[in-house]
Amino acid sequence: MPLIVIVALVIGVAGLLWLLRCKLSSDRELVRLRQQAENQQQLLFSANPYPMWVYDRASLRFVSVNDAAMRTYGFSREEFLGMTVLDIRPHEGKPTLLDQGDHLHPGLNGVGIWHHQKKDGSLLYVEARGFAFERDGGHYELVLANDVTERKLMEEALRQSQASLQLLVDNAPFGIIRSSLKEDRFESLNPAMLKILGGYSLDKALRLKLSTQLYPDPRDRSRLMEVLRQDARVQGYELSLVRRDGSTVPVRISGLLARDSRTYKESFAGYIEDMTQQSALEQQVRQVQKLEAVARLAGGVAHDFNNILVVIKLSTELMLAQTTLDNPLSKSLLQVSNAADRAAALTRQMLALGRQQIMQVRVINVNSVVTETSHMLRRIIGEDIRLVTNLCDTLENSRLDPNQVGQVVLNLAINARDAMPEGGVLHLETANVDLDNAYAQEHPPVQPGRYVMLAVSDTGTGIDKSILPRIFDPFFTTKEVGKGTGLGLSIVYGIVKQSGGYVWVYSEPAHGTTFKLYFPAIAAPLENPLVCNDAYSEPSGQTILIVEDETTIRGNVRECLQQLGYHVVEAENGEAALQVCEQLQGKIDLVLSDLVMPGMGGYELAGRLAQRHPAVRMLFMSGYTEDSAARRDILLQGSAFLQKPFSVADLSTAVHQALAVRAVMAQ
């Protein structure tokens with residue numbers, strides 16, 4: 001064999017040996033590296049702070065679990081290795097897990113949040129990532145689980161909070177909005193706001209251009225923006241908005257101006273209150289307050305005027321009694337007397353308007369008043385107006401002055417007649433009604449309760465909506481000059497209010513008018529007026545004590561009574577009257593006392609006399625009484641009363657009746 005061949009063989013064998021040594025060295029390194037990687041992998045698996053496990057996809061049994069999994073779920077390693085992944089899923093979640101296993105693919109699988117069950121039965125939410133792989137012919141999945149229970153609970157709480165907030169917003173009784181100032185449009189608004197705006201759909205409302213479609217006057221928006229720019233908020237700002245049908249609605253706005261820190265976009269968020277009902281209630285309250293002020297003024301004027309008229313009336317009649325019909329002064333005195341009567345009628349109207357007249361109340365049934373008044377109405381309203389009555393057979397009683405209720409019906413009937421110049425129907429109706437809280441809230445100052453209703457309706461021209469709030473104003477009238485004083489409805493209002501009742505009006509032009517009067521119902525039986533016999537007929541020197549602070553009136557009354565045949569003594573106030581009674585040792589047949597006097601008034605005097613001299617009879621006189629409690633007690637006790645101004649005949653009749661009652665009670 002050639003040397004060169006031998007050398008080549010030697011070199012080849014040496015190289016092959018070298019290559020073999022290199023390969024053996026490389027395999028050992030690979031084993032070492034592989035072992036190192038497996039150790040690192042096991043370390044990462046075992047020491048990972050998040051729960052991890054490997055399970056067999058065929059049997060679903062756990063193959064390996066880390067310490068974090070054991071801590072989180074509460075199972076030991078041995079317990080885990082004897083379980084399947086189904087054992088940590090609540091029963092209702094197992095079908096989902098099985099379905100998911102059928103769709104796994106090799107490699108990384110998606111993230112999902114699952115409900116897992118711990119050893120103690122408690123539940124937790126986990127966010128799981130899976131890596132499917134094959135090894136030694138088996139199919140496995142490595143799972144990394146992150147406990148997100150706290151985050152999930154916070155998200156659920158936030159969701160519920162948002163849902164609750166949205167529920168509150170959607171069901172709020174007032175409007176809630178958010179609008180963009182730059183885009184001049186709503187960004188959001190709740191159902192209440194859609195209702196305030198007249199029923200827009202949400203889509204159409206979001207397309208409204210606010211500056212031109214929401215404000216009746218563009219300057220309203222400008223003024224609102226000035227307030228917002230200055231204070232960055234508004235509180236109780238009142239203006240009007242345009243509704244879908246073009247009408248306006250009064251609203252009150254409260255809210256804040258906000259600016260986005262990133263985009264600098266400005267927006268307004270606030271509350272919108274519909275003030276329609278409140279505006280109507282405020283108008284009603286202002287009307288009541290206005291009438292109250294006029295009533296106080298009218299009552300004060302009437303009181304002073306009545307005292308003057310007493311002097312005029314009695315002085316005139318005293319002079320007439322001393323003149324003959326052919327005397328030149330007789331005609332002038334009669335004119336003065338007639339003028340005093342007309343002035344007295346006017347003051348009575350003013351007292352009715354001011355709700356300060358003395359009312360002779362008793363328990364009555366309104367049906368009887370309507371029936372009695374109807375006979376008079378048929379003559380007043382004329383033949384071209386048909387009178388229809390619909391009276392409740394079971395109508396409850398009320399404590400009222402029948403004469404005043406009759407005056408109310410008469411005034412309303414006359415108004416109805418004038419509203420039906422070409423004829424029509426006048427309808428009178430009574431009924432028992434219950435006014436509930438809802439009605440009372442919409443009709444202040446009505447109090448809930450049981451009432452007797454008297455309705456007076458006509459088919460006349462009706463009342464224009466613009467003047468409806470003024471119909472009870474004194475001296476307001478739509479009639480021609482000389483055809484109405486404008487006091488009729490004011491008197492109706494005054495009488496009804498003084499009776500403790502309420503009056504409401506429903507009217508439309510060309511559709512007639514209905515006045516509904518509500519009087520408190522009571523369960524007491526009917527009361528008949530006291531009837532006196534004539535056992536005591538003629539004056540025969542009986543002693544009458546006049547208690548009056550006005551010297552002129554006291555003198556006139558004394559002279560009249562003396563001419564009628566009575567013995568008269570005087571006192572200028574209640575204290576002086578008590579002294580006179582003590583001096584006469586109670587031998588006084590009648591005390592004629594004014595109700596309103598400086599110091600001790602007539603009602604207090606009556607109380608003192610009832611204790612010291614119970615046999616003394618009282619006759620009160622007044623143009624009105626400022627003391628509502630005294631007025632109520634006087635009426636309930638049925639005491640005699642003489643309304644100022646009065647004539648000599650009125651005085652004689654009142655004294656005669658008071659003494660006759662005293663005689664009856666003494667029998």
# chains A, B, ... in the order shown; residues from 1 in each chain; ligands from 1
>>> select_by_dssp(residues="range 341-437 of chain A", states="helix (DSSP H, G or I)", output="PDB file with C-alpha atoms, in the first residue's frame")
ATOM      1  CA  ASP A 341    -129.567 104.060  52.662  1.00  0.00           C
ATOM      2  CA  ARG A 342    -127.715 103.784  49.345  1.00  0.00           C
ATOM      3  CA  ALA A 343    -124.408 104.439  51.092  1.00  0.00           C
ATOM      4  CA  ALA A 344    -125.283 101.806  53.668  1.00  0.00           C
ATOM      5  CA  ALA A 345    -125.932  99.283  50.905  1.00  0.00           C
ATOM      6  CA  LEU A 346    -122.520 100.117  49.428  1.00  0.00           C
ATOM      7  CA  THR A 347    -120.782  99.620  52.775  1.00  0.00           C
ATOM      8  CA  ARG A 348    -122.534  96.252  53.158  1.00  0.00           C
ATOM      9  CA  GLN A 349    -121.053  95.256  49.817  1.00  0.00           C
ATOM     10  CA  MET A 350    -117.640  96.434  50.971  1.00  0.00           C
ATOM     11  CA  LEU A 351    -117.979  94.422  54.172  1.00  0.00           C
ATOM     12  CA  ALA A 352    -118.960  91.359  52.162  1.00  0.00           C
ATOM     13  CA  LEU A 353    -115.951  91.997  49.947  1.00  0.00           C
ATOM     14  CA  GLY A 354    -113.748  92.356  53.035  1.00  0.00           C
ATOM     15  CA  VAL A 366    -127.920  74.408  50.803  1.00  0.00           C
ATOM     16  CA  ASN A 367    -130.710  72.705  48.846  1.00  0.00           C
ATOM     17  CA  SER A 368    -133.290  74.723  50.773  1.00  0.00           C
ATOM     18  CA  VAL A 369    -131.539  77.983  49.940  1.00  0.00           C
ATOM     19  CA  VAL A 370    -131.360  77.079  46.245  1.00  0.00           C
ATOM     20  CA  THR A 371    -135.038  76.116  46.231  1.00  0.00           C
ATOM     21  CA  GLU A 372    -136.131  79.358  47.906  1.00  0.00           C
ATOM     22  CA  THR A 373    -133.897  81.481  45.681  1.00  0.00           C
ATOM     23  CA  SER A 374    -135.092  79.740  42.508  1.00  0.00           C
ATOM     24  CA  HIS A 375    -138.565  81.315  42.834  1.00  0.00           C
ATOM     25  CA  MET A 376    -136.983  84.762  42.709  1.00  0.00           C
ATOM     26  CA  LEU A 377    -134.559  83.800  39.936  1.00  0.00           C
ATOM     27  CA  ARG A 378    -137.322  82.838  37.522  1.00  0.00           C
ATOM     28  CA  ARG A 379    -138.549  86.441  37.589  1.00  0.00           C
ATOM     29  CA  ILE A 380    -135.053  87.953  37.365  1.00  0.00           C
ATOM     30  CA  ILE A 381    -133.464  85.931  34.554  1.00  0.00           C
ATOM     31  CA  PRO A 402    -128.738  81.356  54.458  1.00  0.00           C
ATOM     32  CA  ASN A 403    -129.289  84.990  53.474  1.00  0.00           C
ATOM     33  CA  GLN A 404    -125.674  85.370  52.382  1.00  0.00           C
ATOM     34  CA  VAL A 405    -125.731  82.100  50.425  1.00  0.00           C
ATOM     35  CA  GLY A 406    -128.894  83.331  48.723  1.00  0.00           C
ATOM     36  CA  GLN A 407    -127.069  86.569  47.869  1.00  0.00           C
ATOM     37  CA  VAL A 408    -124.251  84.528  46.303  1.00  0.00           C
ATOM     38  CA  VAL A 409    -126.688  82.550  44.129  1.00  0.00           C
ATOM     39  CA  LEU A 410    -128.472  85.764  43.131  1.00  0.00           C
ATOM     40  CA  ASN A 411    -125.235  87.547  42.130  1.00  0.00           C
ATOM     41  CA  LEU A 412    -124.027  84.586  40.070  1.00  0.00           C
ATOM     42  CA  ALA A 413    -127.434  84.234  38.383  1.00  0.00           C
ATOM     43  CA  ILE A 414    -127.468  87.911  37.414  1.00  0.00           C
ATOM     44  CA  ASN A 415    -123.976  87.579  35.933  1.00  0.00           C
ATOM     45  CA  ALA A 416    -125.105  84.472  34.028  1.00  0.00           C
ATOM     46  CA  ARG A 417    -128.174  86.313  32.724  1.00  0.00           C
ATOM     47  CA  ASP A 418    -126.029  89.159  31.408  1.00  0.00           C
ATOM     48  CA  ASN A 437    -104.618  65.997  48.627  1.00  0.00           C
TER      49      ASN A 437
END
>>> closest_atom_pairs(of="range 249-280 of chain A", to="range 203-222 of chain A", cutoff="12 Å", atoms="only C-alpha atoms", output="CSV")
residue,atom,partner,partner_atom,distance
A:Val249,CA,A:Pro216,CA,10.0
A:Pro250,CA,A:Tyr215,CA,11.0
A:Val251,CA,A:Tyr215,CA,11.4
A:Ile253,CA,A:Arg221,CA,11.9
>>> write_last_selection(atoms="N, CA and C atoms", output="PDB file, in the first residue's frame")
ATOM      1  N   VAL A 249     -92.572  77.463  27.569  1.00  0.00           N
ATOM      2  CA  VAL A 249     -92.725  76.870  28.887  1.00  0.00           C
ATOM      3  C   VAL A 249     -91.746  77.570  29.835  1.00  0.00           C
ATOM      4  N   PRO A 250     -92.238  78.088  30.981  1.00  0.00           N
ATOM      5  CA  PRO A 250     -91.320  78.713  31.944  1.00  0.00           C
ATOM      6  C   PRO A 250     -90.500  77.644  32.662  1.00  0.00           C
ATOM      7  N   VAL A 251     -89.209  77.865  32.777  1.00  0.00           N
ATOM      8  CA  VAL A 251     -88.330  76.891  33.425  1.00  0.00           C
ATOM      9  C   VAL A 251     -87.382  77.603  34.369  1.00  0.00           C
ATOM     10  N   ILE A 253     -83.369  77.027  35.698  1.00  0.00           N
ATOM     11  CA  ILE A 253     -82.149  76.306  35.323  1.00  0.00           C
ATOM     12  C   ILE A 253     -81.110  76.424  36.429  1.00  0.00           C
TER      13      ILE A 253
END
>>> residues_around(residues="range 558-567 of chain A", least_positions_apart="2", cutoff="12 Å", atoms="only C-alpha atoms", output="ChimeraX atom specification")
/A:310-311,313-319,321-322,538-548,551-556,569-571,587-592,646-656,659
>>> write_last_selection(atoms="C-alpha atoms", output="compact mmCIF listing (two decimals), in the first residue's frame")
# COMPACT_ATOMS: atom_id res chain seq x y z
CA VAL A 310 -125.33 105.96 61.80
CA VAL A 311 -125.17 109.63 62.77
CA LYS A 313 -129.36 108.22 59.37
CA LEU A 314 -130.54 108.65 62.97
CA SER A 315 -130.18 112.44 62.94
CA THR A 316 -132.17 112.67 59.72
CA GLU A 317 -134.94 110.44 61.01
CA LEU A 318 -135.09 112.36 64.30
CA MET A 319 -135.55 115.58 62.36
CA ALA A 321 -140.08 112.88 63.11
CA GLN A 322 -140.28 116.53 64.18
CA GLU A 538 -144.47 97.63 74.04
CA PRO A 539 -141.68 99.70 75.61
CA SER A 540 -142.56 100.56 79.19
CA GLY A 541 -139.56 102.24 80.72
CA GLN A 542 -137.12 99.33 80.52
CA THR A 543 -133.54 100.31 81.26
CA ILE A 544 -131.07 100.07 78.39
CA LEU A 545 -127.34 100.65 78.81
CA ILE A 546 -125.65 102.06 75.69
CA VAL A 547 -121.91 101.27 75.45
CA GLU A 548 -120.34 103.18 72.53
CA THR A 551 -119.96 110.30 71.46
CA THR A 552 -122.17 111.40 68.55
CA ILE A 553 -123.47 107.89 67.89
CA ARG A 554 -124.10 107.35 71.57
CA GLY A 555 -126.10 110.55 71.75
CA ASN A 556 -128.18 109.73 68.67
CA VAL A 569 -127.98 105.08 80.64
CA GLU A 570 -124.62 105.46 78.88
CA ALA A 571 -121.02 104.28 79.06
CA LYS A 587 -131.05 96.25 87.26
CA ILE A 588 -130.52 96.67 83.55
CA ASP A 589 -132.81 95.00 81.04
CA LEU A 590 -130.54 95.24 78.00
CA VAL A 591 -126.98 96.26 77.18
CA LEU A 592 -126.58 97.68 73.67
CA PHE A 646 -129.28 101.28 61.09
CA SER A 647 -132.49 103.26 61.05
CA VAL A 648 -134.74 104.09 63.98
CA ALA A 649 -137.05 101.27 62.85
CA ASP A 650 -134.11 98.83 62.74
CA LEU A 651 -133.07 99.92 66.23
CA SER A 652 -136.60 99.58 67.58
CA THR A 653 -137.03 96.10 66.09
CA ALA A 654 -133.66 94.83 67.33
CA VAL A 655 -134.26 96.10 70.88
CA HIS A 656 -137.81 94.74 70.89
CA LEU A 659 -136.07 92.08 75.15
>>> closest_residue(among="A:Phe186, A:Phe133, A:Tyr200, A:Tyr125", to="Arg57 in chain A", atoms="only C-alpha atoms")
A:Phe133
>>> closest_atom_pairs(of="range 213-269 of chain A", to="range 173-177 of chain A", cutoff="12 Å", atoms="only C-alpha atoms", output="CSV")
residue,atom,partner,partner_atom,distance
A:Val251,CA,A:Gly175,CA,9.8
A:Arg252,CA,A:Phe174,CA,10.1
A:Ile253,CA,A:Gly175,CA,9.3
A:Ser254,CA,A:Ile176,CA,9.9
A:Gly255,CA,A:Ile177,CA,9.3
A:Leu256,CA,A:Ile177,CA,10.9
A:Ser267,CA,A:Ile177,CA,10.2
A:Phe268,CA,A:Ile177,CA,7.9
A:Ala269,CA,A:Ile177,CA,5.7
>>> write_last_selection(atoms="N, CA and C atoms", output="PDB file, in the first residue's frame")
ATOM      1  N   VAL A 251     -89.209  77.865  32.777  1.00  0.00           N
ATOM      2  CA  VAL A 251     -88.330  76.891  33.425  1.00  0.00           C
ATOM      3  C   VAL A 251     -87.382  77.603  34.369  1.00  0.00           C
ATOM      4  N   ARG A 252     -86.794  76.803  35.257  1.00  0.00           N
ATOM      5  CA  ARG A 252     -85.756  77.294  36.164  1.00  0.00           C
ATOM      6  C   ARG A 252     -84.531  76.414  35.961  1.00  0.00           C
ATOM      7  N   ILE A 253     -83.369  77.027  35.698  1.00  0.00           N
ATOM      8  CA  ILE A 253     -82.149  76.306  35.323  1.00  0.00           C
ATOM      9  C   ILE A 253     -81.110  76.424  36.429  1.00  0.00           C
ATOM     10  N   SER A 254     -80.494  75.281  36.758  1.00  0.00           N
ATOM     11  CA  SER A 254     -79.363  75.259  37.691  1.00  0.00           C
ATOM     12  C   SER A 254     -78.320  74.313  37.110  1.00  0.00           C
ATOM     13  N   GLY A 255     -77.045  74.731  37.101  1.00  0.00           N
ATOM     14  CA  GLY A 255     -76.023  73.851  36.545  1.00  0.00           C
ATOM     15  C   GLY A 255     -74.646  74.474  36.538  1.00  0.00           C
ATOM     16  N   LEU A 256     -73.701  73.747  35.915  1.00  0.00           N
ATOM     17  CA  LEU A 256     -72.292  74.131  35.908  1.00  0.00           C
ATOM     18  C   LEU A 256     -71.748  74.188  34.491  1.00  0.00           C
ATOM     19  N   SER A 267     -68.778  72.596  27.999  1.00  0.00           N
ATOM     20  CA  SER A 267     -70.113  72.006  28.011  1.00  0.00           C
ATOM     21  C   SER A 267     -70.844  72.462  29.265  1.00  0.00           C
ATOM     22  N   PHE A 268     -72.159  72.429  29.183  1.00  0.00           N
ATOM     23  CA  PHE A 268     -73.004  72.813  30.315  1.00  0.00           C
ATOM     24  C   PHE A 268     -73.807  71.598  30.745  1.00  0.00           C
ATOM     25  N   ALA A 269     -73.782  71.308  32.042  1.00  0.00           N
ATOM     26  CA  ALA A 269     -74.574  70.213  32.605  1.00  0.00           C
ATOM     27  C   ALA A 269     -75.459  70.800  33.691  1.00  0.00           C
TER      28      ALA A 269
END
>>> residues_around(residues="Leu153 in chain A", least_positions_apart="5", cutoff="10 Å", atoms="only C-alpha atoms", output="JSON, numbers by chain")
{"A": [124, 125, 148, 158, 159]}
>>> write_last_selection(atoms="C-alpha atoms", output="PDB file, in the first residue's frame")
ATOM      1  CA  LEU A 124     -63.468  33.898  42.464  1.00  0.00           C
ATOM      2  CA  TYR A 125     -62.975  35.390  39.050  1.00  0.00           C
ATOM      3  CA  VAL A 148     -59.265  39.432  39.176  1.00  0.00           C
ATOM      4  CA  LEU A 158     -69.383  50.472  38.886  1.00  0.00           C
ATOM      5  CA  ARG A 159     -71.815  48.961  36.392  1.00  0.00           C
TER       6      ARG A 159
END
>>> atom_distance(atom1="CA of Glu134 in chain A", atom2="CA of Leu81 in chain A")
19.3 Å
>>> select_by_dssp(residues="range 191-437 of chain A", states="strand (DSSP E)", output="PyMOL selection string")
chain A and resi 233-242+248-259+266-274+362-364+385-390+398-400+424-435
>>> closest_residue(among="A:Ser261, A:Thr389, A:Asn146, A:Trp504", to="Ala431 in chain A", atoms="only C-alpha atoms")
A:Thr389
